[in-house]
Amino acid sequence: MTDAAPQTTTRDDLLDAAEACFERTGFAGTTMDDVAAEAGVNTATLLGDVSSRDELLVLVLLRVWQRESEALAALLDVQANTRAKLIEGVTFFVTRIAESPYLLELIRHEGATGWEQVDNSRLLVTTFGNFLRPYFVGHGAELRADIDDTIEWLMRQVLLLLTIKPHRGLTPAEIRYQVRTFIVPSVVRETPEV
């Protein structure tokens with residue numbers, strides 16, 4: 001009889017464990033020991049792969065973003081113009097996060113700690129920017145500012161919608177109204193609305 005080969009734990013296994021813990025007990029209630037136990041590894045092994053709970057948070061958010069970005073890309077691809085892409089894209093992003101209590105808590109935590117303060121948080125903002133940039137290329141004349149400034153400002157507005165406490169539980173229609181009325185006019189130059 002041969003011994004079974006030791007089971008290896010992948011980065012995805014660790015992120016699955018972290019996401020399960022965050023969903024079950026929230027970010028504030030989750031420790032690195034909890035994540036290690038969920039993943040079936042010791043804490044030292046976990047810390048050999050990720051340096052902190054904040055890094056785990058950002059890695060989980062990046063993975064969620066990757067899952068959602070395909071649906072968002074399909075939605076944006078069928079919109080008639082930049083204005084419509086912004087309205088539907090921001091509404092989609094805010095609605096998807098607001099519908100998930102643990103994602104909302106994670107975003108609030110990141111917003112409260114300051115995105116620019118943490119290297120991993122910059123990675124999340126950069127990833128968001130890299131996804132949005134192609135939708136603005138060729139449409140710069142429609143924007144009030146350059147593409148990078150526009151993306152950064154949009155990210156701040158999304159965070160504002162999501163981090164103000166208490167979250168008002170806006171419906172998708174109410175979010176769309178706020179985006180169309182207040183956010184988009186400050187980003188897109190005056191053009192007749194379709």
# chains A, B, ... in the order shown; residues from 1 in each chain; ligands from 1

$ residues_around --residues "Ala39 (chain A)" --least-positions-apart "4" --cutoff "9 Å" --atoms "only C-alpha atoms" --output "MDAnalysis selection string"
chainID A and resid 9 13:18 34:35 46

$ write_last_selection --atoms "N, CA and C atoms" --output "PDB file, in the first residue's frame"
ATOM      1  N   THR A   9      -2.184  23.011  -1.931  1.00  0.00           N
ATOM      2  CA  THR A   9      -3.185  24.067  -1.854  1.00  0.00           C
ATOM      3  C   THR A   9      -2.779  25.160  -2.824  1.00  0.00           C
ATOM      4  N   ASP A  13      -7.496  27.966  -4.092  1.00  0.00           N
ATOM      5  CA  ASP A  13      -8.038  27.338  -2.885  1.00  0.00           C
ATOM      6  C   ASP A  13      -8.048  28.334  -1.723  1.00  0.00           C
ATOM      7  N   LEU A  14      -6.965  29.094  -1.599  1.00  0.00           N
ATOM      8  CA  LEU A  14      -6.876  30.077  -0.518  1.00  0.00           C
ATOM      9  C   LEU A  14      -7.911  31.185  -0.704  1.00  0.00           C
ATOM     10  N   LEU A  15      -8.089  31.617  -1.952  1.00  0.00           N
ATOM     11  CA  LEU A  15      -9.074  32.665  -2.215  1.00  0.00           C
ATOM     12  C   LEU A  15     -10.492  32.147  -2.023  1.00  0.00           C
ATOM     13  N   ASP A  16     -10.741  30.884  -2.382  1.00  0.00           N
ATOM     14  CA  ASP A  16     -12.050  30.274  -2.093  1.00  0.00           C
ATOM     15  C   ASP A  16     -12.316  30.305  -0.592  1.00  0.00           C
ATOM     16  N   ALA A  17     -11.308  29.939   0.182  1.00  0.00           N
ATOM     17  CA  ALA A  17     -11.450  29.918   1.642  1.00  0.00           C
ATOM     18  C   ALA A  17     -11.697  31.325   2.185  1.00  0.00           C
ATOM     19  N   ALA A  18     -10.927  32.293   1.695  1.00  0.00           N
ATOM     20  CA  ALA A  18     -11.094  33.671   2.160  1.00  0.00           C
ATOM     21  C   ALA A  18     -12.482  34.186   1.806  1.00  0.00           C
ATOM     22  N   ASP A  34      -8.715  31.949  10.636  1.00  0.00           N
ATOM     23  CA  ASP A  34      -9.982  31.440  10.100  1.00  0.00           C
ATOM     24  C   ASP A  34      -9.809  30.984   8.652  1.00  0.00           C
ATOM     25  N   VAL A  35      -9.130  31.822   7.862  1.00  0.00           N
ATOM     26  CA  VAL A  35      -8.938  31.506   6.443  1.00  0.00           C
ATOM     27  C   VAL A  35      -8.068  30.257   6.299  1.00  0.00           C
ATOM     28  N   LEU A  46      -0.338  29.906   4.874  1.00  0.00           N
ATOM     29  CA  LEU A  46      -1.135  30.993   4.291  1.00  0.00           C
ATOM     30  C   LEU A  46      -0.300  32.264   4.182  1.00  0.00           C
TER      31      LEU A  46
END

$ atom_distance --atom1 "CA of Ala84 (chain A)" --atom2 "CA of Val184 (chain A)"
9.1 Å

$ atom_distance --atom1 "CA of Phe92 (chain A)" --atom2 "CA of Leu72 (chain A)"
7.1 Å

$ atom_distance --atom1 "CA of Thr163 (chain A)" --atom2 "CA of Ala71 (chain A)"
23.5 Å

$ closest_residue --among "A:Arg24, A:Arg189, A:Arg96, A:Arg67" --to "Ala141 (chain A)" --atoms "only C-alpha atoms"
A:Arg189

$ closest_residue --among "A:Leu103, A:Leu62, A:Val94, A:Ala173" --to "Leu159 (chain A)" --atoms "only C-alpha atoms"
A:Val94

$ select_by_dssp --residues "region 2-182 of chain A" --states "alpha helix (DSSP H)" --output "PyMOL selection string"
chain A and resi 11-25+32-39+43-49+53-77+82-98+101-113+119-136+147-163+172-178

$ residues_around --residues "Glu68 (chain A)" --least-positions-apart "4" --cutoff "12 Å" --atoms "only C-alpha atoms" --output "PyMOL selection string"
chain A and resi 61-64+72-75+89+92-97+128+131

$ closest_residue --among "A:Ser100, A:Thr91, A:Ser69, A:Thr150" --to "Val179 (chain A)" --atoms "only C-alpha atoms"
A:Thr91

$ residues_around --residues "Ala145 (chain A)" --least-positions-apart "4" --cutoff "12 Å" --atoms "only C-alpha atoms" --output "list in words"
Phe136, His139, Gly140, Ala141, Asp149, Thr150, Ile151, Glu152, Trp153, Leu154, Ser186, Val187, Val188 and Arg189 of chain A

$ write_last_selection --atoms "C-alpha atoms" --output "PDB file, in the first residue's frame"
ATOM      1  CA  PHE A 136     -13.211  55.559 -23.864  1.00  0.00           C
ATOM      2  CA  HIS A 139     -14.352  59.020 -27.561  1.00  0.00           C
ATOM      3  CA  GLY A 140     -12.054  61.485 -25.793  1.00  0.00           C
ATOM      4  CA  ALA A 141     -13.766  64.471 -27.406  1.00  0.00           C
ATOM      5  CA  ASP A 149      -8.846  61.548 -14.846  1.00  0.00           C
ATOM      6  CA  THR A 150     -12.317  60.464 -15.933  1.00  0.00           C
ATOM      7  CA  ILE A 151     -11.752  56.858 -14.815  1.00  0.00           C
ATOM      8  CA  GLU A 152     -10.308  57.941 -11.464  1.00  0.00           C
ATOM      9  CA  TRP A 153     -13.249  60.285 -10.848  1.00  0.00           C
ATOM     10  CA  LEU A 154     -15.751  57.573 -11.824  1.00  0.00           C
ATOM     11  CA  SER A 186     -20.150  65.739 -14.954  1.00  0.00           C
ATOM     12  CA  VAL A 187     -18.121  63.334 -17.138  1.00  0.00           C
ATOM     13  CA  VAL A 188     -19.612  63.700 -20.634  1.00  0.00           C
ATOM     14  CA  ARG A 189     -19.766  66.988 -22.533  1.00  0.00           C
TER      15      ARG A 189
END

$ residues_around --residues "Phe22 (chain A)" --least-positions-apart "5" --cutoff "7 Å" --atoms "only C-alpha atoms" --output "MDAnalysis selection string"
chainID A and resid 27 30 102

$ closest_residue --among "A:Glu70, A:Glu38, A:Asp146, A:Asp12" --to "Val50 (chain A)" --atoms "only C-alpha atoms"
A:Asp12
